[in-house]
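Data from entry_27.txt: compact mmCIF, C-alpha atoms
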```
# COMPACT_ATOMS: atom_id res chain seq x y z
CA MET A 1036 -6.05 -61.37 2.98
CA LYS A 1037 -6.85 -59.19 6.02
CA LYS A 1038 -3.15 -59.14 6.92
CA ASN A 1039 -2.25 -57.87 3.43
CA MET A 1040 -4.96 -55.20 3.59
CA ARG A 1041 -3.71 -54.04 6.99
CA LEU A 1042 -0.14 -53.88 5.69
CA LEU A 1043 -1.27 -51.92 2.64
CA LEU A 1044 -3.18 -49.47 4.83
CA ILE A 1045 -0.22 -48.93 7.17
CA THR A 1046 2.12 -48.46 4.18
CA SER A 1047 -0.26 -45.91 2.64
CA ILE A 1048 -0.50 -43.94 5.89
CA LEU A 1049 3.29 -43.89 6.32
CA PHE A 1050 3.80 -42.82 2.72
CA GLY A 1051 1.24 -40.05 3.13
CA LEU A 1052 2.91 -38.85 6.35
CA ILE A 1053 6.35 -38.82 4.73
CA PHE A 1054 4.96 -36.95 1.73
CA PHE A 1055 3.25 -34.39 3.98
CA LEU A 1056 6.37 -33.79 6.03
CA SER A 1057 8.50 -33.51 2.90
CA GLN A 1058 6.35 -30.55 1.87
CA CYS A 1059 6.29 -28.84 5.24
CA PHE A 1060 9.93 -29.33 6.16
CA ASN A 1061 13.00 -29.16 4.01
CA ALA A 1062 16.42 -29.20 5.60
CA ASN A 1063 17.65 -26.80 2.93
CA GLU A 1064 14.77 -24.34 3.31
CA VAL A 1065 14.02 -23.65 6.97
CA SER A 1066 11.53 -20.80 7.32
CA THR A 1067 12.38 -17.97 9.68
CA ASP A 1068 9.36 -15.91 8.59
CA ALA A 1069 7.68 -14.12 11.50
CA ARG A 1070 4.29 -15.23 10.12
CA GLY A 1071 5.04 -18.91 10.79
CA ILE A 1072 6.61 -22.00 9.26
CA VAL A 1073 4.02 -22.23 6.47
CA PHE A 1074 5.56 -19.06 4.98
CA ALA A 1075 8.66 -19.43 2.81
CA ASN A 1076 11.79 -17.33 2.83
CA PRO A 1077 10.68 -14.49 0.47
CA ALA A 1078 13.88 -14.72 -1.58
CA SER A 1079 13.07 -18.35 -2.42
CA CYS A 1080 10.47 -17.12 -4.95
CA ARG A 1081 13.28 -15.84 -7.16
CA LYS A 1082 14.68 -19.33 -7.80
CA CYS A 1083 11.85 -20.12 -10.21
CA HIS A 1084 10.33 -16.70 -10.91
CA GLN A 1085 13.38 -14.48 -11.39
CA ALA A 1086 11.94 -12.01 -13.92
CA ILE A 1087 8.69 -11.52 -12.01
CA TYR A 1088 10.47 -11.30 -8.66
CA ASP A 1089 12.95 -8.69 -9.92
CA SER A 1090 10.09 -6.66 -11.38
CA VAL A 1091 8.10 -6.79 -8.13
CA MET A 1092 11.14 -5.57 -6.19
CA LEU A 1093 10.83 -2.24 -8.04
CA THR A 1094 7.12 -1.69 -7.44
CA ALA A 1095 5.46 0.78 -5.10
CA HIS A 1096 3.70 -2.15 -3.42
CA TYR A 1097 6.93 -3.90 -2.53
CA ASN A 1098 8.44 -0.59 -1.38
CA ALA A 1099 5.37 0.62 0.51
CA THR A 1100 7.59 0.49 3.58
CA THR A 1101 11.37 0.18 3.64
CA PRO A 1102 14.11 0.55 6.23
CA THR A 1103 15.37 4.10 5.77
CA SER A 1104 18.77 4.71 4.24
CA GLN A 1105 20.38 7.59 2.38
CA ASN A 1106 19.57 5.74 -0.84
CA THR A 1107 15.82 5.58 -0.19
CA VAL A 1108 15.08 9.17 0.86
CA HIS A 1109 14.26 11.58 -1.99
CA GLY A 1110 14.55 14.90 -0.14
CA ASN A 1111 17.53 17.26 -0.34
CA PHE A 1112 19.84 17.31 2.72
CA ASN A 1113 22.15 20.06 1.44
CA GLU A 1114 22.50 23.20 3.53
CA GLY A 1115 19.81 25.74 2.64
CA GLN A 1116 17.52 23.09 1.15
CA ASN A 1117 17.14 20.78 4.13
CA SER A 1118 14.79 22.65 6.45
CA TYR A 1119 11.14 23.44 6.96
CA VAL A 1120 10.65 26.85 8.60
CA TYR A 1121 7.54 27.35 10.74
CA ASP A 1122 8.29 30.90 11.89
CA SER A 1123 11.25 33.15 12.61
CA SER A 1124 12.25 31.10 15.66
CA THR A 1125 11.11 27.55 14.78
CA LYS A 1126 12.32 25.14 12.15
CA VAL A 1127 12.86 21.43 11.52
CA VAL A 1128 16.16 20.57 9.86
CA MET A 1129 16.83 17.34 7.96
CA GLN A 1130 20.34 16.17 8.81
CA LYS A 1131 22.80 13.41 7.97
CA ARG A 1132 24.52 12.08 11.07
CA ASP A 1133 26.84 9.16 11.72
CA SER A 1134 23.95 7.07 13.05
CA GLY A 1135 21.54 7.88 10.23
CA LEU A 1136 19.20 10.57 8.93
CA TYR A 1137 17.41 12.81 11.43
CA GLN A 1138 14.76 15.49 11.74
CA ALA A 1139 15.87 17.97 14.39
CA LEU A 1140 13.75 20.69 15.96
CA TYR A 1141 15.45 24.05 16.53
CA LEU A 1142 14.03 26.91 18.62
CA ASN A 1143 15.94 30.18 18.39
CA GLY A 1144 18.91 28.29 16.98
CA LYS A 1145 19.03 25.71 19.80
CA GLU A 1146 18.35 22.02 19.16
CA MET A 1147 15.43 20.85 21.29
CA GLU A 1148 14.97 17.27 20.07
CA ALA A 1149 15.96 15.04 17.17
CA HIS A 1150 14.54 11.76 15.89
CA ARG A 1151 15.91 9.35 13.32
CA PHE A 1152 14.26 8.37 10.04
CA ASP A 1153 13.71 4.67 10.87
CA ILE A 1154 10.95 3.56 8.49
CA THR A 1155 10.11 5.04 5.10
CA PHE A 1156 6.47 5.01 3.94
CA GLY A 1157 6.08 5.52 0.18
CA VAL A 1158 8.46 5.56 -2.76
CA ARG A 1159 6.96 7.32 -5.79
CA ASN A 1160 4.64 10.27 -5.15
CA ALA A 1161 5.50 11.18 -1.59
CA GLN A 1162 7.44 9.91 1.42
CA THR A 1163 6.81 10.17 5.12
CA TRP A 1164 8.87 8.66 7.94
CA LEU A 1165 8.45 7.01 11.31
CA TYR A 1166 10.81 6.71 14.22
CA TRP A 1167 10.83 4.00 16.86
CA LYS A 1168 10.45 4.84 20.53
CA GLY A 1169 10.23 1.72 22.64
CA ASN A 1170 7.65 -0.57 21.03
CA ASN A 1171 5.80 2.17 19.18
CA THR A 1172 6.32 4.19 16.02
CA TYR A 1173 5.74 7.92 15.65
CA GLU A 1174 5.42 9.98 12.47
CA LEU A 1175 7.97 12.68 11.79
CA PRO A 1176 6.42 16.12 11.17
CA VAL A 1177 8.02 16.79 7.77
CA SER A 1178 7.43 14.72 4.61
CA TYR A 1179 8.72 14.98 1.05
CA TYR A 1180 6.44 15.51 -1.97
CA THR A 1181 7.95 14.41 -5.26
CA SER A 1182 5.87 16.52 -7.62
CA ALA A 1183 6.34 19.67 -5.56
CA ASN A 1184 10.04 18.73 -5.28
CA ALA A 1185 9.95 20.05 -1.74
CA TRP A 1186 9.61 19.27 1.93
CA GLY A 1187 6.16 19.87 3.43
CA THR A 1188 4.24 19.12 6.59
CA SER A 1189 3.30 15.47 6.98
CA PRO A 1190 -0.33 14.78 5.99
CA GLY A 1191 -2.74 16.30 8.48
CA PHE A 1192 -0.01 17.95 10.59
CA PRO A 1193 -0.43 21.55 11.81
CA ILE A 1194 1.17 24.52 10.11
CA ALA A 1195 1.73 26.44 13.35
CA GLN A 1196 4.32 24.20 15.00
CA PRO A 1197 6.14 20.89 14.56
CA TYR A 1198 4.68 17.87 16.31
CA PHE A 1199 6.66 14.71 17.08
CA LYS A 1200 4.14 12.69 19.10
CA ARG A 1201 1.68 11.42 16.50
CA ILE A 1202 1.66 7.67 17.03
CA VAL A 1203 1.25 5.35 14.05
CA GLY A 1204 -0.34 2.09 15.09
CA LYS A 1205 -0.35 -1.40 13.69
CA VAL A 1206 -3.43 -0.66 11.57
CA CYS A 1207 -1.33 1.48 9.20
CA PHE A 1208 1.20 -1.32 8.76
CA GLU A 1209 -1.58 -3.70 7.71
CA CYS A 1210 -1.70 -2.08 4.27
CA HIS A 1211 1.88 -0.83 4.02
CA SER A 1212 3.77 -3.94 5.10
CA SER A 1213 3.42 -7.70 5.03
CA PHE A 1214 3.47 -8.29 8.79
CA ILE A 1215 4.31 -6.97 12.22
CA ASP A 1216 3.36 -8.68 15.46
CA SER A 1217 1.77 -7.08 18.50
CA LYS A 1218 3.50 -6.67 21.80
CA HIS A 1219 1.85 -5.91 25.14
CA SER A 1220 2.12 -2.32 26.31
CA ASP A 1221 0.86 -0.50 29.38
CA GLU A 1222 1.28 2.87 27.70
CA THR A 1223 -1.64 5.13 26.83
CA SER A 1224 -1.64 7.48 23.89
CA ASN A 1225 -1.42 11.24 24.21
CA SER A 1226 -1.98 11.74 20.48
CA LYS A 1227 -5.39 13.33 19.95
CA GLU A 1228 -5.06 12.91 16.19
CA TYR A 1229 -4.83 9.16 16.31
CA PHE A 1230 -6.24 7.70 19.52
CA ALA A 1231 -8.61 8.72 22.26
CA ALA A 1232 -6.60 9.90 25.26
CA ALA A 1233 -7.10 6.83 27.43
CA GLU A 1234 -7.04 4.18 24.71
CA ARG A 1235 -4.36 1.54 25.05
CA ILE A 1236 -1.67 1.41 22.41
CA GLU A 1237 -1.23 -1.84 20.55
CA ALA A 1238 2.54 -1.92 20.79
CA MET A 1239 4.57 -3.73 18.15
CA ASP A 1240 7.50 -6.12 18.05
CA LYS A 1241 9.96 -4.43 15.71
CA THR A 1242 11.88 -7.70 15.17
CA THR A 1243 8.86 -9.15 13.32
CA LEU A 1244 8.38 -6.35 10.78
CA ILE A 1245 8.29 -7.60 7.18
CA TYR A 1246 8.63 -4.51 5.01
CA GLY A 1247 6.50 -3.85 1.94
CA ILE A 1248 3.92 -6.03 0.24
CA ASP A 1249 5.63 -9.30 -0.64
CA CYS A 1250 4.63 -12.21 -2.89
CA GLN A 1251 2.95 -14.17 -0.08
CA ARG A 1252 0.69 -11.29 0.85
CA CYS A 1253 -1.12 -11.84 -2.48
CA HIS A 1254 -0.44 -15.54 -3.14
CA GLY A 1255 -0.71 -16.93 0.38
CA PRO A 1256 1.79 -19.00 2.40
CA ALA A 1257 4.36 -20.54 0.06
CA ALA A 1258 6.48 -22.98 2.12
CA ASN A 1259 4.64 -26.03 0.84
CA HIS A 1260 4.75 -24.67 -2.71
CA VAL A 1261 8.50 -24.04 -2.57
CA ASN A 1262 9.33 -27.37 -0.99
CA TYR A 1263 7.11 -29.38 -3.33
CA HIS A 1264 8.58 -27.85 -6.49
CA THR A 1265 12.10 -28.15 -5.10
CA ILE A 1266 11.52 -31.91 -4.78
CA TYR A 1267 9.60 -32.19 -8.07
CA PRO A 1268 11.09 -29.52 -10.37
CA GLU A 1269 9.61 -31.22 -13.44
CA GLU A 1270 6.07 -30.40 -12.21
CA LYS A 1271 4.99 -27.25 -14.05
CA LYS A 1272 1.51 -26.89 -12.60
CA ALA A 1273 1.66 -24.61 -9.55
CA LYS A 1274 0.91 -26.62 -6.40
CA TYR A 1275 0.06 -25.36 -2.90
CA ILE A 1276 -0.14 -21.70 -3.93
CA VAL A 1277 -2.96 -19.35 -4.93
CA THR A 1278 -2.78 -18.00 -8.46
CA ASN A 1279 -4.87 -15.14 -9.81
CA SER A 1280 -6.47 -17.45 -12.38
CA SER A 1281 -7.72 -19.77 -9.61
CA LEU A 1282 -9.84 -17.01 -8.04
CA ASN A 1283 -13.32 -16.01 -9.11
CA ALA A 1284 -14.18 -12.39 -9.95
CA GLN A 1285 -15.31 -11.48 -6.41
CA GLN A 1286 -12.26 -13.10 -4.80
CA LYS A 1287 -9.99 -11.10 -7.10
CA LEU A 1288 -11.74 -7.90 -6.08
CA ASP A 1289 -11.67 -8.75 -2.38
CA MET A 1290 -7.95 -9.50 -2.46
CA CYS A 1291 -7.22 -5.93 -3.60
CA ALA A 1292 -10.10 -4.34 -1.70
CA VAL A 1293 -8.82 -5.47 1.68
CA CYS A 1294 -6.47 -2.47 1.42
CA HIS A 1295 -8.00 -0.50 -1.46
CA SER A 1296 -11.55 -0.05 -0.18
CA GLY A 1297 -10.90 2.62 2.42
CA ASN A 1298 -9.94 2.82 6.04
CA ASP A 1299 -13.25 4.11 7.43
CA GLN A 1300 -15.04 0.81 7.99
CA GLU A 1301 -15.31 -1.09 11.25
CA LYS A 1302 -12.64 -3.80 11.25
CA LEU A 1303 -13.36 -7.24 12.65
CA LYS A 1304 -9.78 -8.54 12.63
CA SER A 1305 -6.34 -7.66 11.40
CA ARG A 1306 -5.91 -7.50 7.63
CA PHE A 1307 -2.63 -9.35 8.07
CA TYR A 1308 -4.71 -12.51 8.35
CA PHE A 1309 -6.44 -12.03 5.00
CA LYS A 1310 -5.44 -14.74 2.54
CA PRO A 1311 -6.30 -14.79 -1.18
CA GLY A 1312 -9.69 -16.45 -1.50
CA ASP A 1313 -10.97 -15.00 1.78
CA THR A 1314 -14.18 -12.98 1.92
CA LEU A 1315 -13.93 -9.29 2.69
CA SER A 1316 -17.02 -9.43 4.91
CA ASN A 1317 -15.02 -11.56 7.36
CA PHE A 1318 -12.73 -8.58 7.94
CA TYR A 1319 -15.08 -5.58 7.87
CA LEU A 1320 -18.38 -4.99 9.60
CA TYR A 1321 -20.71 -3.37 7.12
CA MET A 1322 -23.19 -0.99 8.71
CA PRO A 1323 -26.68 -0.37 7.23
CA GLY A 1324 -25.67 3.04 5.84
CA ASP A 1325 -22.46 1.85 4.17
CA LYS A 1326 -24.07 1.08 0.82
CA TYR A 1327 -25.36 4.65 0.60
CA LYS A 1328 -21.95 6.26 1.09
CA THR A 1329 -20.60 8.35 -1.77
CA ASN A 1330 -17.77 10.80 -2.39
CA PHE A 1331 -15.08 8.36 -1.36
CA ASP A 1332 -11.61 9.84 -1.06
CA VAL A 1333 -9.34 8.99 -3.97
CA HIS A 1334 -6.64 7.75 -1.58
CA GLY A 1335 -7.15 4.08 -0.73
CA ASN A 1336 -10.72 3.82 -2.04
CA GLN A 1337 -10.01 2.56 -5.53
CA GLN A 1338 -12.29 -0.47 -5.26
CA ARG A 1339 -15.31 1.38 -3.88
CA LEU A 1340 -14.95 4.10 -6.51
CA LEU A 1341 -14.68 1.47 -9.26
CA ALA A 1342 -17.79 -0.27 -7.90
CA GLU A 1343 -19.80 2.93 -8.53
CA SER A 1344 -18.83 2.97 -12.21
CA LYS A 1345 -21.27 2.06 -14.95
CA CYS A 1346 -18.50 0.11 -16.66
CA PHE A 1347 -18.09 -2.06 -13.57
CA LEU A 1348 -21.81 -2.54 -12.94
CA GLN A 1349 -22.56 -3.58 -16.52
CA SER A 1350 -19.44 -5.67 -17.08
CA GLY A 1351 -19.77 -8.28 -14.36
CA THR A 1352 -16.14 -9.26 -14.88
CA LEU A 1353 -14.22 -5.99 -14.47
CA ASN A 1354 -11.68 -6.11 -11.64
CA CYS A 1355 -8.35 -4.53 -10.72
CA SER A 1356 -6.27 -6.97 -12.76
CA SER A 1357 -8.32 -6.10 -15.86
CA CYS A 1358 -6.15 -2.99 -16.12
CA HIS A 1359 -3.26 -3.51 -13.68
CA ASN A 1360 -0.47 -6.04 -13.58
CA PRO A 1361 0.37 -6.34 -9.87
CA HIS A 1362 3.91 -7.44 -10.74
CA THR A 1363 4.70 -4.01 -12.21
CA ASN A 1364 4.03 -0.39 -11.28
CA ALA A 1365 0.96 1.37 -12.60
CA GLY A 1366 2.30 3.04 -15.72
CA SER A 1367 2.07 6.62 -16.90
CA ASN A 1368 1.41 5.67 -20.52
CA LEU A 1369 -2.27 6.59 -20.77
CA ALA A 1370 -2.52 5.22 -24.31
CA THR A 1371 -1.91 1.71 -22.95
CA TYR A 1372 -4.79 2.02 -20.48
CA SER A 1373 -6.98 3.62 -23.14
CA GLN A 1374 -6.54 0.56 -25.32
CA LYS A 1375 -8.01 -1.51 -22.50
CA CYS A 1376 -11.06 0.76 -22.50
CA MET A 1377 -11.46 0.21 -26.21
CA GLY A 1378 -11.62 -3.52 -25.71
CA CYS A 1379 -15.29 -2.83 -24.89
CA HIS A 1380 -15.91 0.68 -26.22
CA THR A 1381 -15.83 0.46 -30.00
CA GLU A 1382 -17.60 2.14 -32.88
CA ALA A 1383 -19.00 -1.26 -33.85
CA ASN A 1384 -20.61 -1.60 -30.42
CA LYS A 1385 -21.94 1.97 -30.76
CA ASN A 1386 -20.56 2.91 -27.34
CA PHE A 1387 -17.43 4.71 -28.49
CA CYS A 1388 -16.67 8.26 -27.33
CA ILE A 1389 -18.54 10.87 -29.38
CA VAL A 1390 -16.53 13.89 -28.26
CA LYS A 1391 -14.68 15.56 -31.11
CA PRO A 1392 -10.95 15.63 -30.28
CA ALA A 1393 -8.81 18.74 -30.60
CA ALA A 1394 -6.83 19.18 -33.79
CA GLY A 1395 -3.84 16.90 -33.94
CA VAL A 1396 -5.04 14.76 -31.00
CA SER A 1397 -6.09 11.13 -31.25
CA ILE A 1398 -8.90 10.44 -28.82
CA LYS A 1399 -7.81 6.81 -28.75
CA ASP A 1400 -4.61 7.83 -26.96
CA ASN A 1401 -6.24 9.20 -23.82
CA CYS A 1402 -9.61 8.11 -22.46
CA ILE A 1403 -8.22 8.35 -18.95
CA ASP A 1404 -7.81 12.08 -18.25
CA CYS A 1405 -11.44 12.75 -19.21
CA HIS A 1406 -13.13 9.72 -17.68
CA MET A 1407 -10.83 9.08 -14.68
CA PRO A 1408 -9.48 12.57 -13.86
CA LYS A 1409 -7.18 13.37 -10.97
CA LYS A 1410 -8.98 14.53 -7.85
CA PRO A 1411 -7.70 16.09 -4.60
CA SER A 1412 -7.30 13.71 -1.67
CA GLU A 1413 -8.52 15.04 1.66
CA ALA A 1414 -6.46 12.27 3.29
CA ILE A 1415 -3.20 13.74 1.95
CA SER A 1416 -3.37 17.42 2.85
CA PHE A 1417 -0.25 19.36 3.77
CA TYR A 1418 1.45 22.74 3.81
CA GLN A 1419 4.33 23.66 1.54
CA GLN A 1420 7.17 25.84 2.73
CA GLY A 1421 6.07 29.48 3.06
CA ASN A 1422 2.52 28.81 1.89
CA THR A 1423 -0.46 29.21 4.23
CA GLN A 1424 -2.77 27.56 1.73
CA LEU A 1425 -3.54 23.91 2.43
CA SER A 1426 -2.35 21.70 -0.44
CA PHE A 1427 -3.99 18.47 -1.54
CA TYR A 1428 -2.39 15.69 -3.49
CA LEU A 1429 -4.14 14.86 -6.76
CA LEU A 1430 -4.71 11.15 -7.38
CA ARG A 1431 -6.46 9.33 -10.19
CA THR A 1432 -10.10 8.56 -9.38
CA HIS A 1433 -11.24 5.04 -10.18
CA LYS A 1434 -14.85 6.09 -10.58
CA ILE A 1435 -15.13 5.85 -14.35
CA GLY A 1436 -17.62 8.39 -15.61
CA ILE A 1437 -18.40 11.49 -17.63
CA TYR A 1438 -16.98 14.61 -15.98
CA LYS A 1439 -17.69 18.22 -16.80
CA THR A 1440 -14.06 19.27 -16.70
CA ASP A 1441 -12.13 19.65 -19.92
CA SER A 1442 -9.41 17.25 -20.85
CA VAL A 1443 -7.10 17.92 -18.03
CA SER A 1444 -3.75 19.47 -17.62
CA LYS A 1445 -1.79 17.30 -15.24
CA PRO A 1446 -1.08 19.15 -12.02
CA LYS A 1447 -0.05 17.12 -8.99
CA ILE A 1448 -0.84 19.58 -6.22
CA THR A 1449 -3.85 21.78 -5.62
CA SER A 1450 -4.36 24.31 -2.81
CA LYS A 1451 -7.12 26.16 -1.03
CA LYS A 1452 -7.12 28.87 1.60
CA VAL A 1453 -7.72 27.86 5.20
CA ASN A 1454 -7.47 29.56 8.55
CA LYS A 1455 -3.90 29.38 9.75
CA GLY A 1456 -5.01 27.96 13.08
CA ASN A 1457 -6.54 24.86 11.44
```
This entry written out as structure tokens:
Amino acid sequence: MKKNMRLLLITSILFGLIFFLSQCFNANEVSTDARGIVFANPASCRKCHQAIYDSVMLTAHYNATTPTSQNTVHGNFNEGQNSYVYDSSTKVVMQKRDSGLYQALYLNGKEMEAHRFDITFGVRNAQTWLYWKGNNTYELPVSYYTSANAWGTSPGFPIAQPYFKRIVGKVCFECHSSFIDSKHSDETSNSKEYFAAAERIEAMDKTTLIYGIDCQRCHGPAANHVNYHTIYPEEKKAKYIVTNSSLNAQQKLDMCAVCHSGNDQEKLKSRFYFKPGDTLSNFYLYMPGDKYKTNFDVHGNQQRLLAESKCFLQSGTLNCSSCHNPHTNAGSNLATYSQKCMGCHTEANKNFCIVKPAAGVSIKDNCIDCHMPKKPSEAISFYQQGNTQLSFYLLRTHKIGIYKTDSVSKPKITSKKVNKGN
């Protein structure tokens, strides 16, 4: 009897080990992901989720960073439309060369330096570019603004002269890419805008960069999931993967908030290590005054603005996916979003809008422009060609409320006068 029990135990252990290894290792699906063997080849998601995968490929999230090519850059490179002029002797010219696209600085008609567009940040509203130098990336001084249909200074860059030495560290990639590993560097930064003068640069290993926000950034490591369902294709219940429906309301919020709750909090560890189901407090150190902060910038603070809304506070269930499908781009059809508002705000509930609409306008078609108007982002300020006024990009606030402004026209850029030396 004891012999049979021992044999049964050994058999069970061996079977369990074989089963475990069959999930982690599959001769046909060897992971080369820089994040580790528990991450699947990103393209493997398409085998079972083709429609969703193809839709995600077109989103601003997936294209938050891309390797630069002539097909990804929106700006005009034709002669006469490919330069940003600082003064009569200084200009930056956008050029197509055999080895790629470049921004070249000219002083009195002589080329002083030129740097290649290596990495593109952004795809819809605006684009800015980085170039590699050694193990570090630097932002190019000229960006492209879709709504202005023009080149302009990169956000926060000076109007007086071009500047090619603003370093962009790993922290920016944490919300614009899926991964990049650190690499030791003995360099120190000379960029006053980004680092203190003597602070060490956290250099990066360019071979590990995973562009954009991929499926596993939101669903967690997928190697076990892929291998299990490859072996058992008849199993329809998702195994070894995090689905949105498996998360509670706070976990859903935290998954988006890790990148959409601002960049002004003290970070405890890299956001690359956030997995769906994690707690945001493990990644940010909340100071005593944090809960009293207001006037959050509309760029990257969607969650904290939403959390100030009466709708959010009274609902208890409202989260980002209540209105947004992360597998598609946020749409421009305001009537669709307005219908979501009217899931709660109805005449029967006596909380429907009481404002009388203009003649010929259905108030049910647009709650958004009045209650979530576009606001200027201080984080995305720039100068347009020939304009000494500082321009601000207008982005949709996620603080749902009652605003004094009229139902809005839809400008994309706003400006205000500043001293030219700023």
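Across A:Ile1072, A:Met1239, A:Leu1430, A:Leu1341, the tightest approach to Phe1208 of chain A is made by A:Met1239 when counting only C-alpha atoms.
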Requested in this report: Figure out the distance between atom CA of Pro1190 of chain A and atom CA of Ser1416 of chain A, please, to one decimal in Å.
Outcome: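 Answer for the atom CA of Ser1416 of chain A to atom CA of Pro1190 of chain A separation: 5.1 Å.
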Query raised in the report: Which is closer to Thr1243 of chain A than all the others in A:Thr1188, A:Asn1401, A:Thr1181, A:Asn1170, using all atoms listed in the file?
Result: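 For Thr1243 of chain A, the nearest of the candidates is A:Asn1170.
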Sorted per-residue table, segment 1172-1207 of chain A near segment 1145-1166 of chain A, closest atoms and distance, 7 Å, all atoms listed in the file, as JSON lines:
```
{"residue": "A:Thr1172", "atom": "CA", "partner": "A:Tyr1166", "partner_atom": "CA", "distance": 5.5}
{"residue": "A:Tyr1173", "atom": "CA", "partner": "A:Leu1165", "partner_atom": "CA", "distance": 5.2}
{"residue": "A:Glu1174", "atom": "CA", "partner": "A:Leu1165", "partner_atom": "CA", "distance": 4.4}
{"residue": "A:Leu1175", "atom": "CA", "partner": "A:Trp1164", "partner_atom": "CA", "distance": 5.6}
{"residue": "A:Ser1178", "atom": "CA", "partner": "A:Thr1163", "partner_atom": "CA", "distance": 4.6}
{"residue": "A:Tyr1179", "atom": "CA", "partner": "A:Gln1162", "partner_atom": "CA", "distance": 5.2}
{"residue": "A:Tyr1180", "atom": "CA", "partner": "A:Ala1161", "partner_atom": "CA", "distance": 4.4}
{"residue": "A:Thr1181", "atom": "CA", "partner": "A:Asn1160", "partner_atom": "CA", "distance": 5.3}
{"residue": "A:Ser1182", "atom": "CA", "partner": "A:Asn1160", "partner_atom": "CA", "distance": 6.8}
{"residue": "A:Ser1189", "atom": "CA", "partner": "A:Thr1163", "partner_atom": "CA", "distance": 6.6}
```
Requested in this report: Rank nothing, just name the residue among A:Thr1363, A:Gln1286, A:Gly1335, A:Asn1317 nearest to Met1092 of chain A, using only C-alpha atoms.
Outcome: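 The answer is A:Thr1363, which sits nearest to Met1092 of chain A.
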Query raised in the report: For Lys1409 of chain A, which of A:Val1333, A:Ala1258, A:Met1377, A:Leu1348 is the closest residue, counting only C-alpha atoms?
Result: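 Among A:Val1333, A:Ala1258, A:Met1377, A:Leu1348, it is A:Val1333 that comes nearest to Lys1409 of chain A.
Pairwise distance (atom CA of Ile1435 of chain A, atom CA of Glu1382 of chain A) equals 19.1 Å.
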How about completing segment 1255-1269 of chain A with N, CA and C atoms and giving it to me as a PDB file, in the frame of the given file?
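Below is the file out-v1.pdb, written as the result:
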```
ATOM      1  N   GLY A1255      -0.533 -16.046  -0.754  1.00  0.00           N
ATOM      2  CA  GLY A1255      -0.710 -16.930   0.380  1.00  0.00           C
ATOM      3  C   GLY A1255       0.597 -17.605   0.787  1.00  0.00           C
ATOM      4  N   PRO A1256       0.581 -18.337   1.905  1.00  0.00           N
ATOM      5  CA  PRO A1256       1.790 -19.000   2.400  1.00  0.00           C
ATOM      6  C   PRO A1256       2.389 -19.918   1.347  1.00  0.00           C
ATOM      7  N   ALA A1257       3.722 -19.865   1.199  1.00  0.00           N
ATOM      8  CA  ALA A1257       4.360 -20.540   0.060  1.00  0.00           C
ATOM      9  C   ALA A1257       5.345 -21.636   0.447  1.00  0.00           C
ATOM     10  N   ALA A1258       5.478 -21.977   1.731  1.00  0.00           N
ATOM     11  CA  ALA A1258       6.480 -22.980   2.120  1.00  0.00           C
ATOM     12  C   ALA A1258       6.211 -24.321   1.451  1.00  0.00           C
ATOM     13  N   ASN A1259       4.960 -24.752   1.477  1.00  0.00           N
ATOM     14  CA  ASN A1259       4.640 -26.030   0.840  1.00  0.00           C
ATOM     15  C   ASN A1259       4.879 -25.979  -0.665  1.00  0.00           C
ATOM     16  N   HIS A1260       4.534 -24.855  -1.273  1.00  0.00           N
ATOM     17  CA  HIS A1260       4.750 -24.670  -2.710  1.00  0.00           C
ATOM     18  C   HIS A1260       6.234 -24.768  -3.058  1.00  0.00           C
ATOM     19  N   VAL A1261       7.061 -24.052  -2.318  1.00  0.00           N
ATOM     20  CA  VAL A1261       8.500 -24.040  -2.570  1.00  0.00           C
ATOM     21  C   VAL A1261       9.096 -25.430  -2.376  1.00  0.00           C
ATOM     22  N   ASN A1262       8.754 -26.065  -1.282  1.00  0.00           N
ATOM     23  CA  ASN A1262       9.330 -27.370  -0.990  1.00  0.00           C
ATOM     24  C   ASN A1262       8.881 -28.443  -1.967  1.00  0.00           C
ATOM     25  N   TYR A1263       7.610 -28.390  -2.364  1.00  0.00           N
ATOM     26  CA  TYR A1263       7.110 -29.380  -3.330  1.00  0.00           C
ATOM     27  C   TYR A1263       7.846 -29.251  -4.660  1.00  0.00           C
ATOM     28  N   HIS A1264       7.959 -28.026  -5.172  1.00  0.00           N
ATOM     29  CA  HIS A1264       8.580 -27.850  -6.490  1.00  0.00           C
ATOM     30  C   HIS A1264      10.095 -27.978  -6.431  1.00  0.00           C
ATOM     31  N   THR A1265      10.677 -27.847  -5.247  1.00  0.00           N
ATOM     32  CA  THR A1265      12.100 -28.150  -5.100  1.00  0.00           C
ATOM     33  C   THR A1265      12.331 -29.650  -5.241  1.00  0.00           C
ATOM     34  N   ILE A1266      11.418 -30.445  -4.688  1.00  0.00           N
ATOM     35  CA  ILE A1266      11.520 -31.910  -4.780  1.00  0.00           C
ATOM     36  C   ILE A1266      11.114 -32.404  -6.157  1.00  0.00           C
ATOM     37  N   TYR A1267      10.112 -31.759  -6.764  1.00  0.00           N
ATOM     38  CA  TYR A1267       9.600 -32.190  -8.070  1.00  0.00           C
ATOM     39  C   TYR A1267       9.699 -31.032  -9.064  1.00  0.00           C
ATOM     40  N   PRO A1268      10.913 -30.673  -9.478  1.00  0.00           N
ATOM     41  CA  PRO A1268      11.090 -29.520 -10.370  1.00  0.00           C
ATOM     42  C   PRO A1268      10.458 -29.716 -11.748  1.00  0.00           C
ATOM     43  N   GLU A1269      10.205 -30.966 -12.125  1.00  0.00           N
ATOM     44  CA  GLU A1269       9.610 -31.220 -13.440  1.00  0.00           C
ATOM     45  C   GLU A1269       8.116 -30.883 -13.468  1.00  0.00           C
TER      46      GLU A1269
END
```
